[in-house]
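Data block for upload-v2.cif (mmCIF, C-alpha atoms):
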```cif
data_coords
loop_
_atom_site.group_PDB
_atom_site.id
_atom_site.type_symbol
_atom_site.label_atom_id
_atom_site.label_comp_id
_atom_site.auth_asym_id
_atom_site.auth_seq_id
_atom_site.Cartn_x
_atom_site.Cartn_y
_atom_site.Cartn_z
ATOM 1 C CA MET A 1 5.688 -31.523 52.689
ATOM 2 C CA GLY A 2 8.560 -32.851 54.780
ATOM 3 C CA LYS A 3 12.271 -32.486 54.385
ATOM 4 C CA LYS A 4 13.840 -34.244 51.392
ATOM 5 C CA TYR A 5 17.224 -35.955 51.285
ATOM 6 C CA LEU A 6 19.214 -36.506 48.080
ATOM 7 C CA PHE A 7 21.747 -39.310 47.920
ATOM 8 C CA SER A 8 24.042 -39.741 44.944
ATOM 9 C CA GLU A 9 25.786 -43.026 44.060
ATOM 10 C CA ASP A 10 28.784 -43.020 41.730
ATOM 11 C CA THR A 11 29.858 -45.820 39.397
ATOM 12 C CA ASN A 12 32.103 -47.296 42.133
ATOM 13 C CA GLY A 13 29.138 -47.746 44.488
ATOM 14 C CA ARG A 14 30.080 -44.932 46.854
ATOM 15 C CA VAL A 15 27.147 -42.909 48.142
ATOM 16 C CA CYS A 16 27.165 -39.357 49.450
ATOM 17 C CA GLU A 17 24.421 -37.061 50.674
ATOM 18 C CA VAL A 18 23.870 -33.934 48.601
ATOM 19 C CA LYS A 19 22.301 -30.797 50.069
ATOM 20 C CA VAL A 20 18.804 -30.386 48.618
ATOM 21 C CA ASP A 21 17.545 -27.127 47.185
ATOM 22 C CA PRO A 22 13.758 -27.727 47.242
ATOM 23 C CA LYS A 23 13.080 -25.164 44.510
ATOM 24 C CA HIS A 24 15.589 -26.756 42.135
ATOM 25 C CA LEU A 25 15.340 -30.467 42.960
ATOM 26 C CA ASP A 26 14.537 -31.449 39.352
ATOM 27 C CA LYS A 27 17.605 -29.562 38.131
ATOM 28 C CA GLN A 28 19.772 -31.229 40.781
ATOM 29 C CA LEU A 29 18.527 -34.671 39.690
ATOM 30 C CA ARG A 30 19.309 -33.904 36.033
ATOM 31 C CA GLU A 31 22.803 -32.681 36.957
ATOM 32 C CA GLU A 32 23.525 -35.808 39.012
ATOM 33 C CA ARG A 33 22.403 -38.065 36.147
ATOM 34 C CA ALA A 34 24.412 -36.031 33.624
ATOM 35 C CA ALA A 35 27.496 -36.529 35.804
ATOM 36 C CA GLY A 36 27.004 -40.316 35.599
ATOM 37 C CA ARG A 37 25.729 -40.719 39.151
ATOM 38 C CA THR A 38 22.500 -42.355 40.356
ATOM 39 C CA PRO A 39 20.405 -39.953 42.448
ATOM 40 C CA THR A 40 17.865 -41.129 45.040
ATOM 41 C CA VAL A 41 15.450 -38.805 46.818
ATOM 42 C CA LEU A 42 14.056 -39.866 50.192
ATOM 43 C CA ASP A 43 11.704 -38.173 52.604
ATOM 44 C CA GLU A 44 12.248 -38.283 56.369
ATOM 45 C CA ASP A 45 10.311 -41.528 56.898
ATOM 46 C CA ASP A 46 12.038 -43.358 54.036
ATOM 47 C CA ARG A 47 15.448 -42.201 55.267
ATOM 48 C CA ILE A 48 14.746 -43.645 58.723
ATOM 49 C CA ARG A 49 13.489 -46.926 57.248
ATOM 50 C CA PHE A 50 16.542 -47.309 55.001
ATOM 51 C CA GLY A 51 18.857 -46.468 57.902
ATOM 52 C CA LEU A 52 17.261 -49.135 60.090
ATOM 53 C CA LEU A 53 17.448 -51.647 57.245
ATOM 54 C CA ALA A 54 21.135 -50.837 56.630
ATOM 55 C CA ASN A 55 21.938 -51.314 60.338
ATOM 56 C CA LYS A 56 20.038 -54.596 60.394
ATOM 57 C CA LEU A 57 21.931 -55.876 57.334
ATOM 58 C CA ARG A 58 25.266 -54.685 58.716
ATOM 59 C CA ASN A 59 24.702 -56.483 62.040
ATOM 60 C CA SER A 60 23.595 -59.810 60.573
#
```
Would you write the structure of this file as structure tokens?
Amino acid sequence: MGKKYLFSEDTNGRVCEVKVDPKHLDKQLREERAAGRTPTVLDEDDRIRFGLLANKLRNS
């Protein structure tokens, strides 16, 4: 199992990375949703793919 990354988007569309506690990931997701934010969990490969896609969109 690789490293996980948790990103949280607020209602204004701002996204921040949240430190992941692997033993309590489900709890962290519930807390983010309860706070009105949209959590997204990515593994290392997905994070790289999304980063490349974001750069490609930004440069076009």
Interatomic distance, CA of Leu53 in chain A to CA of Lys19 in chain A (Å, one decimal) =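 One can read the CA of Leu53 in chain A to CA of Lys19 in chain A distance as 22.6 Å.
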In file coordinates, which residues lie within 10 Å of (23.4, -43.2, 38.8) using only C-alpha atoms, given as a PDB file with C-alpha atoms, in the frame of the given file?
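Below you can see point.pdb, which holds the result:
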```
ATOM      1  CA  SER A   8      24.042 -39.741  44.944  1.00  0.00           C
ATOM      2  CA  GLU A   9      25.786 -43.026  44.060  1.00  0.00           C
ATOM      3  CA  ASP A  10      28.784 -43.020  41.730  1.00  0.00           C
ATOM      4  CA  THR A  11      29.858 -45.820  39.397  1.00  0.00           C
ATOM      5  CA  GLY A  13      29.138 -47.746  44.488  1.00  0.00           C
ATOM      6  CA  LEU A  29      18.527 -34.671  39.690  1.00  0.00           C
ATOM      7  CA  GLU A  32      23.525 -35.808  39.012  1.00  0.00           C
ATOM      8  CA  ARG A  33      22.403 -38.065  36.147  1.00  0.00           C
ATOM      9  CA  ALA A  34      24.412 -36.031  33.624  1.00  0.00           C
ATOM     10  CA  ALA A  35      27.496 -36.529  35.804  1.00  0.00           C
ATOM     11  CA  GLY A  36      27.004 -40.316  35.599  1.00  0.00           C
ATOM     12  CA  ARG A  37      25.729 -40.719  39.151  1.00  0.00           C
ATOM     13  CA  THR A  38      22.500 -42.355  40.356  1.00  0.00           C
ATOM     14  CA  PRO A  39      20.405 -39.953  42.448  1.00  0.00           C
ATOM     15  CA  THR A  40      17.865 -41.129  45.040  1.00  0.00           C
TER      16      THR A  40
END
```
re CA of Val41 in chain A and CA of Asn55 in chain A: distance 19.5 Å
Can you work out the spacing between CA of Leu6 in chain A and CA of Ala54 in chain A in Å, to one decimal?
->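 Here the two named atoms are 16.8 Å from each other.
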Output of the PyMOL selection byres ((chain A and resi 43) around 8), listed as JSON, numbers by chain = {"A": [2, 3, 4, 5, 41, 42, 44, 45, 46, 47]}
Please complete range 37-56 of chain A with N, CA, C and O atoms and give it back as a short mmCIF file (atom, residue, chain, number, x, y, z; two decimals), keeping the file's coordinate frame.
```cif
data_model
loop_
_atom_site.label_atom_id
_atom_site.label_comp_id
_atom_site.auth_asym_id
_atom_site.auth_seq_id
_atom_site.Cartn_x
_atom_site.Cartn_y
_atom_site.Cartn_z
N ARG A 37 26.06 -40.20 37.84
CA ARG A 37 25.73 -40.72 39.15
C ARG A 37 24.25 -41.09 39.21
O ARG A 37 23.46 -40.63 38.40
N THR A 38 23.88 -41.93 40.18
CA THR A 38 22.50 -42.36 40.36
C THR A 38 21.91 -41.64 41.57
O THR A 38 22.28 -41.95 42.70
N PRO A 39 21.00 -40.69 41.33
CA PRO A 39 20.40 -39.95 42.45
C PRO A 39 19.20 -40.69 43.03
O PRO A 39 18.44 -41.34 42.32
N THR A 40 19.02 -40.57 44.35
CA THR A 40 17.86 -41.13 45.04
C THR A 40 17.36 -40.09 46.01
O THR A 40 18.12 -39.56 46.82
N VAL A 41 16.07 -39.79 45.93
CA VAL A 41 15.45 -38.80 46.82
C VAL A 41 14.60 -39.55 47.84
O VAL A 41 13.78 -40.39 47.48
N LEU A 42 14.82 -39.25 49.11
CA LEU A 42 14.06 -39.87 50.19
C LEU A 42 13.43 -38.79 51.06
O LEU A 42 14.02 -37.72 51.24
N ASP A 43 12.26 -39.08 51.60
CA ASP A 43 11.70 -38.17 52.60
C ASP A 43 12.18 -38.65 53.97
O ASP A 43 12.93 -39.62 54.08
N GLU A 44 11.75 -37.97 55.02
CA GLU A 44 12.25 -38.28 56.37
C GLU A 44 11.93 -39.72 56.78
O GLU A 44 12.78 -40.42 57.33
N ASP A 45 10.70 -40.17 56.50
CA ASP A 45 10.31 -41.53 56.90
C ASP A 45 11.11 -42.59 56.15
O ASP A 45 11.57 -43.57 56.73
N ASP A 46 11.26 -42.40 54.83
CA ASP A 46 12.04 -43.36 54.04
C ASP A 46 13.49 -43.41 54.49
O ASP A 46 14.10 -44.48 54.55
N ARG A 47 14.05 -42.25 54.82
CA ARG A 47 15.45 -42.20 55.27
C ARG A 47 15.63 -43.01 56.55
O ARG A 47 16.60 -43.76 56.69
N ILE A 48 14.68 -42.88 57.47
CA ILE A 48 14.75 -43.64 58.72
C ILE A 48 14.63 -45.14 58.44
O ILE A 48 15.39 -45.95 58.96
N ARG A 49 13.67 -45.50 57.58
CA ARG A 49 13.49 -46.93 57.25
C ARG A 49 14.74 -47.53 56.61
O ARG A 49 15.16 -48.63 56.95
N PHE A 50 15.34 -46.81 55.66
CA PHE A 50 16.54 -47.31 55.00
C PHE A 50 17.71 -47.38 55.98
O PHE A 50 18.54 -48.28 55.89
N GLY A 51 17.80 -46.43 56.89
CA GLY A 51 18.86 -46.47 57.90
C GLY A 51 18.72 -47.66 58.81
O GLY A 51 19.70 -48.34 59.13
N LEU A 52 17.49 -47.96 59.24
CA LEU A 52 17.26 -49.14 60.09
C LEU A 52 17.58 -50.42 59.34
O LEU A 52 18.17 -51.35 59.89
N LEU A 53 17.17 -50.47 58.07
CA LEU A 53 17.45 -51.65 57.24
C LEU A 53 18.95 -51.84 57.06
O LEU A 53 19.47 -52.96 57.17
N ALA A 54 19.68 -50.75 56.82
CA ALA A 54 21.14 -50.84 56.63
C ALA A 54 21.80 -51.35 57.90
O ALA A 54 22.71 -52.19 57.85
N ASN A 55 21.37 -50.84 59.07
CA ASN A 55 21.94 -51.31 60.34
C ASN A 55 21.64 -52.79 60.56
O ASN A 55 22.50 -53.54 61.02
N LYS A 56 20.42 -53.20 60.23
CA LYS A 56 20.04 -54.60 60.39
C LYS A 56 20.89 -55.50 59.50
O LYS A 56 21.35 -56.55 59.94
#
```
